[in-house]
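K.L.:
Take a look at protein-v4.pdb, PDB, C-alpha atoms:
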ATOM      1  CA  MET A   1      -3.322  -6.285   3.826
ATOM      2  CA  SER A   2      -4.225  -8.077   6.981
ATOM      3  CA  THR A   3      -2.124  -7.692  10.084
ATOM      4  CA  SER A   4      -2.216 -11.469  10.337
ATOM      5  CA  THR A   5      -0.360 -11.887   7.035
ATOM      6  CA  LYS A   6       2.612 -14.215   7.265
ATOM      7  CA  LYS A   7       5.486 -11.958   8.069
ATOM      8  CA  HIS A   8       8.729 -10.961   6.453
ATOM      9  CA  SER A   9       8.782 -14.157   4.431
ATOM     10  CA  SER A  10      11.093 -12.874   1.719
ATOM     11  CA  GLY A  11      13.444 -10.958   4.025
ATOM     12  CA  CYS A  12      12.949  -7.895   1.826
ATOM     13  CA  LEU A  13      13.009  -4.596   3.705
ATOM     14  CA  VAL A  14      10.095  -3.175   1.720
ATOM     15  CA  ALA A  15       8.046  -6.274   2.576
ATOM     16  CA  TYR A  16       9.106  -5.932   6.212
ATOM     17  CA  GLY A  17       7.879  -2.347   6.259
ATOM     18  CA  LEU A  18       4.616  -3.259   4.556
ATOM     19  CA  ASP A  19       4.005  -6.112   6.986
ATOM     20  CA  THR A  20       4.675  -3.847   9.943
ATOM     21  CA  PHE A  21       2.930  -0.584   9.102
ATOM     22  CA  GLY A  22       1.627  -1.011   5.551
ATOM     23  CA  ASP A  23      -2.015  -1.609   6.338
ATOM     24  CA  ARG A  24      -4.114   1.344   5.204
ATOM     25  CA  TRP A  25      -5.722   2.013   8.577
ATOM     26  CA  THR A  26      -2.425   1.619  10.388
ATOM     27  CA  LEU A  27      -0.875   4.353   8.259
ATOM     28  CA  LEU A  28      -3.865   6.640   8.722
ATOM     29  CA  ILE A  29      -3.607   6.230  12.521
ATOM     30  CA  LEU A  30       0.087   7.111  12.292
ATOM     31  CA  ARG A  31      -0.810  10.152  10.189
ATOM     32  CA  ASP A  32      -3.317  11.252  12.859
ATOM     33  CA  MET A  33      -0.587  11.008  15.503
ATOM     34  CA  VAL A  34       2.091  12.732  13.419
ATOM     35  CA  LEU A  35       0.114  15.529  11.742
ATOM     36  CA  TYR A  36      -2.790  16.117  14.086
ATOM     37  CA  GLY A  37      -1.205  15.221  17.429
ATOM     38  CA  MET A  38      -3.952  12.697  18.235
ATOM     39  CA  ARG A  39      -3.298  10.608  21.349
ATOM     40  CA  ARG A  40      -6.642   9.245  22.528
ATOM     41  CA  TYR A  41      -8.895   6.442  21.306
ATOM     42  CA  GLY A  42     -11.859   8.776  20.892
ATOM     43  CA  GLN A  43      -9.786  11.198  18.803
ATOM     44  CA  PHE A  44      -8.791   8.471  16.334
ATOM     45  CA  LEU A  45     -12.398   7.304  16.195
ATOM     46  CA  SER A  46     -13.611  10.776  15.219
ATOM     47  CA  GLY A  47     -11.086  11.146  12.368
ATOM     48  CA  GLU A  48     -12.301  12.071   8.903
ATOM     49  CA  GLU A  49     -12.131   8.525   7.503
ATOM     50  CA  LYS A  50     -14.479   7.142  10.194
ATOM     51  CA  ILE A  51     -12.475   4.118  11.265
ATOM     52  CA  ALA A  52     -14.568   1.367  12.870
ATOM     53  CA  THR A  53     -13.898   0.786  16.556
ATOM     54  CA  ASN A  54     -12.918  -2.889  16.153
ATOM     55  CA  ILE A  55     -10.405  -2.012  13.415
ATOM     56  CA  LEU A  56      -8.997   0.845  15.482
ATOM     57  CA  ALA A  57      -8.552  -1.416  18.518
ATOM     58  CA  ASP A  58      -6.896  -4.097  16.360
ATOM     59  CA  ARG A  59      -4.488  -1.671  14.667
ATOM     60  CA  LEU A  60      -3.500   0.087  17.893
ATOM     61  CA  LYS A  61      -2.762  -3.299  19.458
ATOM     62  CA  HIS A  62      -0.716  -4.257  16.406
ATOM     63  CA  LEU A  63       1.245  -0.975  16.510
ATOM     64  CA  GLU A  64       1.928  -1.535  20.207
ATOM     65  CA  GLN A  65       3.101  -5.109  19.566
ATOM     66  CA  GLU A  66       5.422  -3.829  16.848
ATOM     67  CA  GLY A  67       6.912  -1.265  19.240
ATOM     68  CA  ILE A  68       5.774   1.669  17.082
ATOM     69  CA  VAL A  69       3.227   3.021  19.561
ATOM     70  CA  GLN A  70       3.254   2.948  23.349
ATOM     71  CA  ARG A  71       0.242   3.083  25.619
ATOM     72  CA  ALA A  72      -0.014   4.670  29.060
ATOM     73  CA  ARG A  73      -2.876   5.309  31.474
ATOM     74  CA  ASP A  74      -4.437   8.730  30.970
ATOM     75  CA  PRO A  75      -3.641  10.688  34.169
ATOM     76  CA  GLU A  76      -6.872  12.651  33.728
ATOM     77  CA  ASN A  77      -9.047   9.568  33.288
ATOM     78  CA  ARG A  78      -7.684   6.342  34.721
ATOM     79  CA  ARG A  79     -10.091   4.282  32.589
ATOM     80  CA  SER A  80      -8.549   5.631  29.372
ATOM     81  CA  TYR A  81      -5.198   5.406  27.646
ATOM     82  CA  ILE A  82      -2.840   7.841  25.979
ATOM     83  CA  TYR A  83      -1.107   6.561  22.841
ATOM     84  CA  SER A  84       2.212   7.991  21.720
ATOM     85  CA  LEU A  85       4.891   7.196  19.153
ATOM     86  CA  THR A  86       8.054   5.411  20.254
ATOM     87  CA  ASP A  87      11.395   6.217  18.625
ATOM     88  CA  LYS A  88      10.669   3.405  16.159
ATOM     89  CA  GLY A  89       7.389   5.135  15.345
ATOM     90  CA  LEU A  90       8.984   8.554  15.053
ATOM     91  CA  ASP A  91      11.452   7.057  12.574
ATOM     92  CA  LEU A  92       8.479   6.499  10.246
ATOM     93  CA  VAL A  93       7.827  10.241   9.968
ATOM     94  CA  PRO A  94      10.236  10.802   7.021
ATOM     95  CA  MET A  95       8.380   8.141   5.045
ATOM     96  CA  ILE A  96       4.996   9.678   5.883
ATOM     97  CA  LEU A  97       6.283  13.086   4.754
ATOM     98  CA  GLU A  98       7.488  11.534   1.483
ATOM     99  CA  ILE A  99       3.992  10.110   0.877
ATOM    100  CA  ILE A 100       2.551  13.593   1.465
ATOM    101  CA  ARG A 101       5.165  15.259  -0.753
ATOM    102  CA  TRP A 102       4.302  12.880  -3.586
ATOM    103  CA  GLY A 103       0.563  13.325  -3.113
ATOM    104  CA  GLY A 104       1.046  17.076  -3.062
ATOM    105  CA  LYS A 105       2.676  16.936  -6.467
ATOM    106  CA  TYR A 106      -0.017  14.867  -8.139
ATOM    107  CA  THR A 107      -3.358  15.885  -6.682
ATOM    108  CA  PRO A 108      -5.064  19.275  -6.198
ATOM    109  CA  LEU A 109      -4.417  20.862  -2.810
ATOM    110  CA  THR A 110      -6.459  22.773  -0.268
ATOM    111  CA  PRO A 111      -4.632  25.860   1.095
ATOM    112  CA  ARG A 112      -3.825  24.081   4.377
ATOM    113  CA  ARG A 113      -2.334  21.090   2.558
ATOM    114  CA  LYS A 114      -0.484  23.387   0.176
ATOM    115  CA  LYS A 115       1.207  24.961   3.191
ATOM    116  CA  LEU A 116       2.214  21.555   4.562
ATOM    117  CA  VAL A 117       3.608  20.360   1.224
ATOM    118  CA  GLY A 118       5.496  23.654   0.843
ATOM    119  CA  ARG A 119       7.022  23.141   4.260
ATOM    120  CA  ILE A 120       8.092  19.582   3.361
ATOM    121  CA  ASN A 121       9.702  20.805   0.144
ATOM    122  CA  ASP A 122      11.413  23.836   1.681
ATOM    123  CA  ASP A 123      12.398  22.692   5.176
ATOM    124  CA  CYS A 124      11.906  18.967   5.637
ATOM    125  CA  ALA A 125      14.602  18.673   8.325
ATOM    126  CA  GLY A 126      13.080  21.510  10.347
ATOM    127  CA  LEU A 127       9.613  20.025  10.054
ATOM    128  CA  LEU A 128      10.892  16.609  11.160
ATOM    129  CA  GLN A 129      12.485  18.200  14.205
ATOM    130  CA  GLU A 130       9.286  20.100  15.004
ATOM    131  CA  ILE A 131       7.143  16.962  14.742
ATOM    132  CA  ARG A 132       9.540  15.036  16.955
ATOM    133  CA  GLN A 133       9.424  17.745  19.619
ATOM    134  CA  ARG A 134       5.644  18.067  19.423
ATOM    135  CA  VAL A 135       5.137  14.302  19.743
ATOM    136  CA  GLN A 136       7.582  14.023  22.640
ATOM    137  CA  ASN A 137       6.267  17.113  24.467
ATOM    138  CA  PRO A 138       2.563  17.347  23.674
ATOM    139  CA  VAL A 139       0.685  20.445  24.802
ATOM    140  CA  GLU A 140      -2.960  19.886  25.593
TER
ATOM    141  CA  MET B   1      -6.370  -2.637   0.340
ATOM    142  CA  SER B   2      -8.208  -3.265  -2.872
ATOM    143  CA  THR B   3      -7.484  -1.197  -5.927
ATOM    144  CA  SER B   4     -11.243  -0.789  -6.280
ATOM    145  CA  THR B   5     -11.513   1.037  -2.932
ATOM    146  CA  LYS B   6     -13.444   4.273  -3.129
ATOM    147  CA  LYS B   7     -10.835   6.875  -3.814
ATOM    148  CA  HIS B   8      -9.478   9.929  -2.092
ATOM    149  CA  SER B   9     -12.680  10.308  -0.102
ATOM    150  CA  SER B  10     -11.177  12.399   2.670
ATOM    151  CA  GLY B  11      -8.945  14.527   0.440
ATOM    152  CA  CYS B  12      -6.003  13.628   2.682
ATOM    153  CA  LEU B  13      -2.675  13.291   0.873
ATOM    154  CA  VAL B  14      -1.689  10.178   2.819
ATOM    155  CA  ALA B  15      -5.015   8.570   1.851
ATOM    156  CA  TYR B  16      -4.452   9.646  -1.759
ATOM    157  CA  GLY B  17      -1.050   7.965  -1.763
ATOM    158  CA  LEU B  18      -2.398   4.815  -0.148
ATOM    159  CA  ASP B  19      -5.243   4.612  -2.645
ATOM    160  CA  THR B  20      -2.851   5.051  -5.545
ATOM    161  CA  PHE B  21       0.138   2.875  -4.664
ATOM    162  CA  GLY B  22      -0.528   1.581  -1.153
ATOM    163  CA  ASP B  23      -1.565  -1.932  -2.038
ATOM    164  CA  ARG B  24       1.053  -4.408  -0.877
ATOM    165  CA  TRP B  25       1.597  -6.043  -4.264
ATOM    166  CA  THR B  26       1.675  -2.682  -6.021
ATOM    167  CA  LEU B  27       4.517  -1.532  -3.809
ATOM    168  CA  LEU B  28       6.420  -4.787  -4.291
ATOM    169  CA  ILE B  29       6.125  -4.404  -8.091
ATOM    170  CA  LEU B  30       7.477  -0.854  -7.761
ATOM    171  CA  ARG B  31      10.321  -2.172  -5.617
ATOM    172  CA  ASP B  32      11.152  -4.741  -8.317
ATOM    173  CA  MET B  33      11.323  -1.958 -10.901
ATOM    174  CA  VAL B  34      13.329   0.439  -8.723
ATOM    175  CA  LEU B  35      15.806  -1.909  -7.042
ATOM    176  CA  TYR B  36      16.078  -4.822  -9.452
ATOM    177  CA  GLY B  37      15.433  -3.069 -12.765
ATOM    178  CA  MET B  38      12.638  -5.466 -13.685
ATOM    179  CA  ARG B  39      10.703  -4.480 -16.808
ATOM    180  CA  ARG B  40       8.960  -7.609 -18.083
ATOM    181  CA  TYR B  41       5.879  -9.511 -16.966
ATOM    182  CA  GLY B  42       7.793 -12.754 -16.581
ATOM    183  CA  GLN B  43      10.404 -11.057 -14.401
ATOM    184  CA  PHE B  44       7.790  -9.769 -11.974
ATOM    185  CA  LEU B  45       6.166 -13.187 -11.922
ATOM    186  CA  SER B  46       9.427 -14.841 -10.891
ATOM    187  CA  GLY B  47      10.056 -12.439  -7.994
ATOM    188  CA  GLU B  48      10.760 -13.818  -4.549
ATOM    189  CA  GLU B  49       7.225 -13.243  -3.192
ATOM    190  CA  LYS B  50       5.601 -15.360  -5.950
ATOM    191  CA  ILE B  51       2.888 -12.956  -7.047
ATOM    192  CA  ALA B  52      -0.082 -14.646  -8.752
ATOM    193  CA  THR B  53      -0.473 -13.835 -12.448
ATOM    194  CA  ASN B  54      -4.005 -12.396 -12.096
ATOM    195  CA  ILE B  55      -2.884 -10.079  -9.281
ATOM    196  CA  LEU B  56       0.182  -9.004 -11.262
ATOM    197  CA  ALA B  57      -1.929  -8.205 -14.334
ATOM    198  CA  ASP B  58      -4.425  -6.267 -12.201
ATOM    199  CA  ARG B  59      -1.755  -4.228 -10.413
ATOM    200  CA  LEU B  60       0.186  -3.412 -13.581
ATOM    201  CA  LYS B  61      -3.052  -2.222 -15.201
ATOM    202  CA  HIS B  62      -3.804  -0.118 -12.121
ATOM    203  CA  LEU B  63      -0.296   1.397 -12.126
ATOM    204  CA  GLU B  64      -0.672   2.228 -15.803
ATOM    205  CA  GLN B  65      -4.086   3.829 -15.215
ATOM    206  CA  GLU B  66      -2.593   5.927 -12.423
ATOM    207  CA  GLY B  67       0.190   7.106 -14.723
ATOM    208  CA  ILE B  68       2.908   5.565 -12.537
ATOM    209  CA  VAL B  69       3.978   2.910 -15.043
ATOM    210  CA  GLN B  70       3.993   3.033 -18.825
ATOM    211  CA  ARG B  71       3.795   0.051 -21.166
ATOM    212  CA  ALA B  72       5.419  -0.331 -24.565
ATOM    213  CA  ARG B  73       5.767  -3.202 -27.029
ATOM    214  CA  ASP B  74       8.935  -5.187 -26.481
ATOM    215  CA  PRO B  75      11.055  -4.579 -29.642
ATOM    216  CA  GLU B  76      12.587  -8.050 -29.210
ATOM    217  CA  ASN B  77       9.250  -9.815 -28.891
ATOM    218  CA  ARG B  78       6.259  -8.026 -30.349
ATOM    219  CA  ARG B  79       3.862 -10.192 -28.328
ATOM    220  CA  SER B  80       5.313  -8.899 -25.060
ATOM    221  CA  TYR B  81       5.468  -5.590 -23.269
ATOM    222  CA  ILE B  82       8.122  -3.585 -21.487
ATOM    223  CA  TYR B  83       7.012  -1.779 -18.338
ATOM    224  CA  SER B  84       8.826   1.317 -17.123
ATOM    225  CA  LEU B  85       8.327   4.019 -14.518
ATOM    226  CA  THR B  86       6.994   7.395 -15.583
ATOM    227  CA  ASP B  87       8.178  10.583 -13.873
ATOM    228  CA  LYS B  88       5.254  10.177 -11.485
ATOM    229  CA  GLY B  89       6.515   6.688 -10.698
ATOM    230  CA  LEU B  90      10.106   7.831 -10.292
ATOM    231  CA  ASP B  91       8.884  10.412  -7.805
ATOM    232  CA  LEU B  92       7.900   7.496  -5.554
ATOM    233  CA  VAL B  93      11.515   6.359  -5.213
ATOM    234  CA  PRO B  94      12.306   8.633  -2.214
ATOM    235  CA  MET B  95       9.393   7.086  -0.317
ATOM    236  CA  ILE B  96      10.518   3.561  -1.203
ATOM    237  CA  LEU B  97      14.028   4.378   0.017
ATOM    238  CA  GLU B  98      12.557   5.712   3.289
ATOM    239  CA  ILE B  99      10.706   2.425   3.791
ATOM    240  CA  ILE B 100      13.977   0.564   3.244
ATOM    241  CA  ARG B 101      15.923   2.892   5.537
ATOM    242  CA  TRP B 102      13.390   2.287   8.305
ATOM    243  CA  GLY B 103      13.360  -1.470   7.751
ATOM    244  CA  GLY B 104      17.143  -1.457   7.787
ATOM    245  CA  LYS B 105      17.155   0.098  11.237
ATOM    246  CA  TYR B 106      14.707  -2.348  12.796
ATOM    247  CA  THR B 107      15.326  -5.762  11.290
ATOM    248  CA  PRO B 108      18.475  -7.875  10.836
ATOM    249  CA  LEU B 109      20.214  -7.361   7.482
ATOM    250  CA  THR B 110      21.904  -9.576   4.946
ATOM    251  CA  PRO B 111      25.231  -8.127   3.685
ATOM    252  CA  ARG B 112      23.640  -7.036   0.393
ATOM    253  CA  ARG B 113      20.833  -5.221   2.178
ATOM    254  CA  LYS B 114      23.288  -3.732   4.654
ATOM    255  CA  LYS B 115      25.130  -2.178   1.732
ATOM    256  CA  LEU B 116      21.916  -0.727   0.300
ATOM    257  CA  VAL B 117      20.832   0.745   3.641
ATOM    258  CA  GLY B 118      24.311   2.191   4.137
ATOM    259  CA  ARG B 119      24.082   3.833   0.739
ATOM    260  CA  ILE B 120      20.656   5.316   1.594
ATOM    261  CA  ASN B 121      22.011   6.699   4.858
ATOM    262  CA  ASP B 122      25.265   8.030   3.423
ATOM    263  CA  ASP B 123      24.327   9.226  -0.069
ATOM    264  CA  CYS B 124      20.584   9.213  -0.613
ATOM    265  CA  ALA B 125      20.692  11.982  -3.245
ATOM    266  CA  GLY B 126      23.363  10.164  -5.266
ATOM    267  CA  LEU B 127      21.442   6.897  -5.068
ATOM    268  CA  LEU B 128      18.237   8.622  -6.221
ATOM    269  CA  GLN B 129      20.082  10.061  -9.184
ATOM    270  CA  GLU B 130      21.597   6.667 -10.014
ATOM    271  CA  ILE B 131      18.201   4.920  -9.858
ATOM    272  CA  ARG B 132      16.633   7.597 -12.060
ATOM    273  CA  GLN B 133      19.362   7.197 -14.663
ATOM    274  CA  ARG B 134      19.189   3.400 -14.556
ATOM    275  CA  VAL B 135      15.406   3.369 -14.963
ATOM    276  CA  GLN B 136      15.515   5.879 -17.816
ATOM    277  CA  ASN B 137      18.442   4.228 -19.600
ATOM    278  CA  PRO B 138      18.214   0.511 -18.884
ATOM    279  CA  VAL B 139      21.092  -1.699 -19.965
ATOM    280  CA  GLU B 140      20.089  -5.201 -20.905
TER
END
Take the structure in the file and give it back as structure tokens.
P.N.:
Amino acid sequence: MSTSTKKHSSGCLVAYGLDTFGDRWTLLILRDMVLYGMRRYGQFLSGEEKIATNILADRLKHLEQEGIVQRARDPENRRSYIYSLTDKGLDLVPMILEIIRWGGKYTPLTPRRKKLVGRINDDCAGLLQEIRQRVQNPVE
Amino acid sequence: MSTSTKKHSSGCLVAYGLDTFGDRWTLLILRDMVLYGMRRYGQFLSGEEKIATNILADRLKHLEQEGIVQRARDPENRRSYIYSLTDKGLDLVPMILEIIRWGGKYTPLTPRRKKLVGRINDDCAGLLQEIRQRVQNPVE
């Protein structure tokens, strides 16, 4: 769906969520931040789905407007930005893990994905905590 | 996103989920089944978001093809169908509840929605069980 869709018209919470983060590319950017620790424009651009630069710019702006992502100058390169999840963004992690858990049940898995799905099934709370810490204290 | 999008190209589980159920209307149909116990074409059509009949037919067909929804002749009206969630569809309920939980934290709530979000926060496992039972043994 477009990010310019008329918003929250029905007042339904599912519709609210879909209007806010439900665009396909938006969710894949969030996945890149949550699972792969991506924080820079160029990292998102080089992701496996090959997002176009105009779509990436649009979705990052949208996520920032929605208060899900925050942007700061990159201390190592003042012409670039670092993107990170806000608390509102981090609160989306349980939903992202549920999408992965479901996918892991109904599609064949590579060993790496099998490990992730196993972790979600066995220790979801621990994984959530780990992701939160990693996002808030990135090591580069 | 379109239901005709090329599928699962990256092998990512989030992308798999989005390709399978991530369309906005698809998720709203699932919400209608999970939260409101809707089972008939006419019920979906009269939902608050006013889905168009061609989109509804397309999304129900897609959900059936994906094994998320199953269709059976309506015993009360042999020209109609009853739609219900399969186990694969029921396994999406935790994700739907996570979307609602998130929405409930970040948007103002009506009293009815406040009650639902409270239930998700306080007794998610019990609610999941209740939804599963209600979907599998509908009372009409």
K.L.:
Could you spell out the hits of the ChimeraX specification (/A :<7) & /B on the shown file, as a list in words?
P.N.:
Met1, Ser10, Leu13, Val14, Tyr16, Gly17, Leu18, Arg24, Glu48, Glu49, Asp91, Leu92, Pro94, Met95, Glu98, Ile99, Ile100, Trp102, Gly103 and Gly104 of chain B
K.L.:
Just C-alpha atoms for this one: save the residues we selected as a PDB file, keeping the file's coordinate frame.
P.N.:
ATOM      1  CA  MET B   1      -6.370  -2.637   0.340  1.00  0.00           C
ATOM      2  CA  SER B  10     -11.177  12.399   2.670  1.00  0.00           C
ATOM      3  CA  LEU B  13      -2.675  13.291   0.873  1.00  0.00           C
ATOM      4  CA  VAL B  14      -1.689  10.178   2.819  1.00  0.00           C
ATOM      5  CA  TYR B  16      -4.452   9.646  -1.759  1.00  0.00           C
ATOM      6  CA  GLY B  17      -1.050   7.965  -1.763  1.00  0.00           C
ATOM      7  CA  LEU B  18      -2.398   4.815  -0.148  1.00  0.00           C
ATOM      8  CA  ARG B  24       1.053  -4.408  -0.877  1.00  0.00           C
ATOM      9  CA  GLU B  48      10.760 -13.818  -4.549  1.00  0.00           C
ATOM     10  CA  GLU B  49       7.225 -13.243  -3.192  1.00  0.00           C
ATOM     11  CA  ASP B  91       8.884  10.412  -7.805  1.00  0.00           C
ATOM     12  CA  LEU B  92       7.900   7.496  -5.554  1.00  0.00           C
ATOM     13  CA  PRO B  94      12.306   8.633  -2.214  1.00  0.00           C
ATOM     14  CA  MET B  95       9.393   7.086  -0.317  1.00  0.00           C
ATOM     15  CA  GLU B  98      12.557   5.712   3.289  1.00  0.00           C
ATOM     16  CA  ILE B  99      10.706   2.425   3.791  1.00  0.00           C
ATOM     17  CA  ILE B 100      13.977   0.564   3.244  1.00  0.00           C
ATOM     18  CA  TRP B 102      13.390   2.287   8.305  1.00  0.00           C
ATOM     19  CA  GLY B 103      13.360  -1.470   7.751  1.00  0.00           C
ATOM     20  CA  GLY B 104      17.143  -1.457   7.787  1.00  0.00           C
TER      21      GLY B 104
END
K.L.:
With a distance cut-off of 8 Å and only C-alpha atoms, select the neighbouring residues of range 56-60 of chain A, excluding the residue or stretch itself and same-chain residues fewer than 6 positions from it, and output the selection as a VMD selection string.
P.N.:
chain A and resid 3 25 to 26 44 to 45 69
K.L.:
Please produce a file of the residues just selected, as an mmCIF file, in the coordinates of the input, where the atoms kept are C-alpha atoms.
P.N.:
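Output contents, as saved in out-v2.cif:
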data_model
loop_
_atom_site.group_PDB
_atom_site.id
_atom_site.type_symbol
_atom_site.label_atom_id
_atom_site.label_comp_id
_atom_site.auth_asym_id
_atom_site.auth_seq_id
_atom_site.Cartn_x
_atom_site.Cartn_y
_atom_site.Cartn_z
ATOM 1 C CA THR A 3 -2.124 -7.692 10.084
ATOM 2 C CA TRP A 25 -5.722 2.013 8.577
ATOM 3 C CA THR A 26 -2.425 1.619 10.388
ATOM 4 C CA PHE A 44 -8.791 8.471 16.334
ATOM 5 C CA LEU A 45 -12.398 7.304 16.195
ATOM 6 C CA VAL A 69 3.227 3.021 19.561
#
K.L.:
Quick check, in Å to one decimal: how far apart do CA of Arg40 in chain B and CA of Gln136 in chain B lie?
P.N.:
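Atom-to-atom, CA of Arg40 in chain B and CA of Gln136 in chain B are spaced 15.0 Å apart.
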K.L.:
Rounded to one decimal, what separation in Å do you get between CA of Thr86 in chain A and CA of Ile68 in chain A?
P.N.:
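Here the two named atoms are 5.4 Å from each other.
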K.L.:
Considering all atoms listed in the file, return as a list in words whatever protein or nucleic-acid residues lie within 10 Å of range 72-81 of chain A, sequence-local ones (same chain, fewer than 3 positions apart) excluded.
P.N.:
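In the requested form, the answer reads Arg39, Arg40, Tyr41, Gly42 and Ser84 of chain A.
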K.L.:
What is the distance between CA of Leu30 in chain B and CA of Leu85 in chain B, in Å to one decimal?
P.N.:
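Answer for the CA of Leu30 in chain B to CA of Leu85 in chain B separation: 8.4 Å.
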K.L.:
Please provide the set of residues having any atom within 9 Å of Val135 in chain A, restricted to all atoms listed in the file, with same-chain residues fewer than 4 positions apart removed, written as a short mmCIF file (atom, residue, chain, number, x, y, z; two decimals) with C-alpha atoms, in the frame of the given file.
P.N.:
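What landed in part01.cif:
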data_model
loop_
_atom_site.label_atom_id
_atom_site.label_comp_id
_atom_site.auth_asym_id
_atom_site.auth_seq_id
_atom_site.Cartn_x
_atom_site.Cartn_y
_atom_site.Cartn_z
CA MET A 33 -0.59 11.01 15.50
CA VAL A 34 2.09 12.73 13.42
CA GLY A 37 -1.20 15.22 17.43
CA SER A 84 2.21 7.99 21.72
CA LEU A 85 4.89 7.20 19.15
CA LEU A 90 8.98 8.55 15.05
CA GLU A 130 9.29 20.10 15.00
CA ILE A 131 7.14 16.96 14.74
#
K.L.:
Calculated over all atoms listed in the file, which of the candidates B:Pro138, B:Ile29, B:Asp123, B:Gly118 has the smallest distance to Gln43 in chain B?
P.N.:
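Answer, going by the shortest atom-to-atom distance: B:Ile29.
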